Amino acid sequence: MPTSLKLDRRAFLKGVGGAMLALPVLDAMGAEITAEIPKRFCAIYTANGMSLPKAEHALPEWSWFPSAEKDGEFVFGKSTEPLTPFRKQLSFMGNLYHPSGPKSDPHTCSDMWLTGAPLYNPKPGTYNTVGLDQVIAEHTKQFTRRPSVVLSIDAGTGYLSRTGTISYGLDGRPIPAESNPRRIFDRLFRGDSKASGDEHGNIERRVKLVDAVAANARALDQQLGKSDKARMDQYLTSLNEVETQLIASERWINVPLKKQDYSHLNLDATPEGDQPGEYYRNMMDLIALAFDADISRTITFMLNREDGMGIGDTFPLKLGLSKTHHNLSHATDKDGQLDFAKYDLFLSEQIAHFLGRMNEYKDRNGSVLDNTIVMFGSGASTTHNSHNLPTLIAGGANMGLKHGQYWKSQDEMRMSNVYLSIMRSMGIEEESFSDSTGTLSNSIFSRV
């Protein structure tokens, strides 16, 4: 009889040249490990801040932050009313900020939203550090088909001065985002057929091709000027992402996906269409399905870009509002600020749809939402204001989060402390994150 083997959950294989490879979850790691429920993280970002109408316009009920209490509970503003059914599964957080934010170009607030960008440099595109989602991905990638999923209304990385992604890798470089529902669906959910030798061989050939292209690109990089080097850096980051996904595909190619119903998806929805809500809902449905199938445990979605860049800026016009999103964020008149709040209402409807879908899918100990921390917010409060960042956190009931609160720090609190608290709630015992000074006490994170 073979000797009973007991492996540590963080066991590694050592390969040629000392390379280390994390093992997948194995029976030998014990029933308590193989039966472990996934812990997930999702970050959803909107540019240009939220509507916080000026006092002189007498629109307090349209403030994004809760502005009153009744019977000991906060009262949703009109722009967040669609979230009312999830009162016990979400909380608002106020008076948060990144210390580097007020020192930086205000248009780069989306760059630093998940990173804190502690190594401040005034030139956009040159100062970033690893994002929260990618630190989490490093801890969860051995269990999933995709280390992380990075989505945006605008594919790619955008420009050095106006990012099109909120995800930054271990080296601080932007990770390209995906935006097309059909391509996203194919990449996430079309890996469930039994692989043939030809399919394995095809992946091998593609990995070798990527390696060859990367080697040539590095050689070319040595001969380029400064601006071209920056573009090549982004290209090389993209190649690394492609190679990572190809290697993951090889490992999972014979593992069937969970059976799911995809009939509610419209994979032809695009941001260019005249139904912005349909596009957003389909993207969020893809996120919920990916979590339900445990394809990835960390996903980011950038709803729009800063400073009027990108197709998302036109969405308010498609909804019959008076101006583009960026222009509404600058509105100082009552009608403009009301329209800005009405666009926040539209976004709340999309978030409510997403939370509802996450409640429909079930894990063994509750809903997928109960095992997922969802963070929705912006890198500015009002126009280009780096203080009091609007932040909503939902889900995570089985990860120790206690909801139904409007939590606001008496003094300004670092966002990175929130991020460290999120990591601890996920069982990730990092000592710090970015410029954090500790976890939050007496907050929604009741067990960290």
# chains A, B, ... in the order shown; residues from 1 in each chain; ligands from 1
$ residues_around --residues "His139 (chain A)" --least-positions-apart "5" --cutoff "10 Å" --atoms "only C-alpha atoms" --output "ChimeraX atom specification"
/A:10,134,147,297,423,426-428
$ closest_residue --among "A:Val374, A:Ala394, A:Val255, A:Leu170" --to "Asn128 (chain A)" --atoms "only C-alpha atoms"
A:Leu170
$ closest_residue --among "A:Lys318, A:Ala47, A:Ser152, A:Ser167" --to "Gly273 (chain A)" --atoms "only C-alpha atoms"
A:Lys318
$ residues_around --residues "Ser446 (chain A)" --least-positions-apart "5" --cutoff "8 Å" --atoms "only C-alpha atoms" --output "PyMOL selection string"
chain A and resi 400-402+441
$ write_last_selection --atoms "C-alpha atoms" --output "PDB file, in the first residue's frame"
ATOM      1  CA  GLY A 400     -16.254  38.661   7.767  1.00  0.00           C
ATOM      2  CA  LEU A 401     -17.758  41.846   6.288  1.00  0.00           C
ATOM      3  CA  LYS A 402     -20.560  43.468   8.265  1.00  0.00           C
ATOM      4  CA  SER A 441     -10.779  48.729  13.073  1.00  0.00           C
TER       5      SER A 441
END
$ residues_around --residues "Phe340 (chain A)" --least-positions-apart "5" --cutoff "8 Å" --atoms "only C-alpha atoms" --output "list in words"
Met50, Ser51, His325, Leu328, Ser329 and Ala331 of chain A
$ write_last_selection --atoms "N, CA and C atoms" --output "PDB file, in the first residue's frame"
ATOM      1  N   MET A  50     -18.444  61.322  -8.471  1.00  0.00           N
ATOM      2  CA  MET A  50     -19.888  61.172  -8.338  1.00  0.00           C
ATOM      3  C   MET A  50     -20.509  62.541  -8.059  1.00  0.00           C
ATOM      4  N   SER A  51     -21.801  62.621  -8.225  1.00  0.00           N
ATOM      5  CA  SER A  51     -22.489  63.890  -7.999  1.00  0.00           C
ATOM      6  C   SER A  51     -22.673  64.146  -6.507  1.00  0.00           C
ATOM      7  N   HIS A 325     -20.336  62.901 -20.105  1.00  0.00           N
ATOM      8  CA  HIS A 325     -20.064  62.597 -18.705  1.00  0.00           C
ATOM      9  C   HIS A 325     -19.051  63.567 -18.092  1.00  0.00           C
ATOM     10  N   LEU A 328     -20.578  66.960 -17.595  1.00  0.00           N
ATOM     11  CA  LEU A 328     -21.512  66.969 -16.472  1.00  0.00           C
ATOM     12  C   LEU A 328     -20.769  67.044 -15.146  1.00  0.00           C
ATOM     13  N   SER A 329     -19.611  66.390 -15.086  1.00  0.00           N
ATOM     14  CA  SER A 329     -18.851  66.411 -13.839  1.00  0.00           C
ATOM     15  C   SER A 329     -18.335  67.807 -13.517  1.00  0.00           C
ATOM     16  N   ALA A 331     -20.158  70.535 -14.287  1.00  0.00           N
ATOM     17  CA  ALA A 331     -21.313  71.436 -14.239  1.00  0.00           C
ATOM     18  C   ALA A 331     -21.423  72.101 -12.870  1.00  0.00           C
TER      19      ALA A 331
END
$ closest_residue --among "A:Ala117, A:Ile311, A:Ile299, A:Leu265" --to "Arg173 (chain A)" --atoms "only C-alpha atoms"
A:Ala117
$ closest_residue --among "A:Asp294, A:Lys258, A:Asp154, A:Gly356" --to "Glu272 (chain A)" --atoms "only C-alpha atoms"
A:Asp154
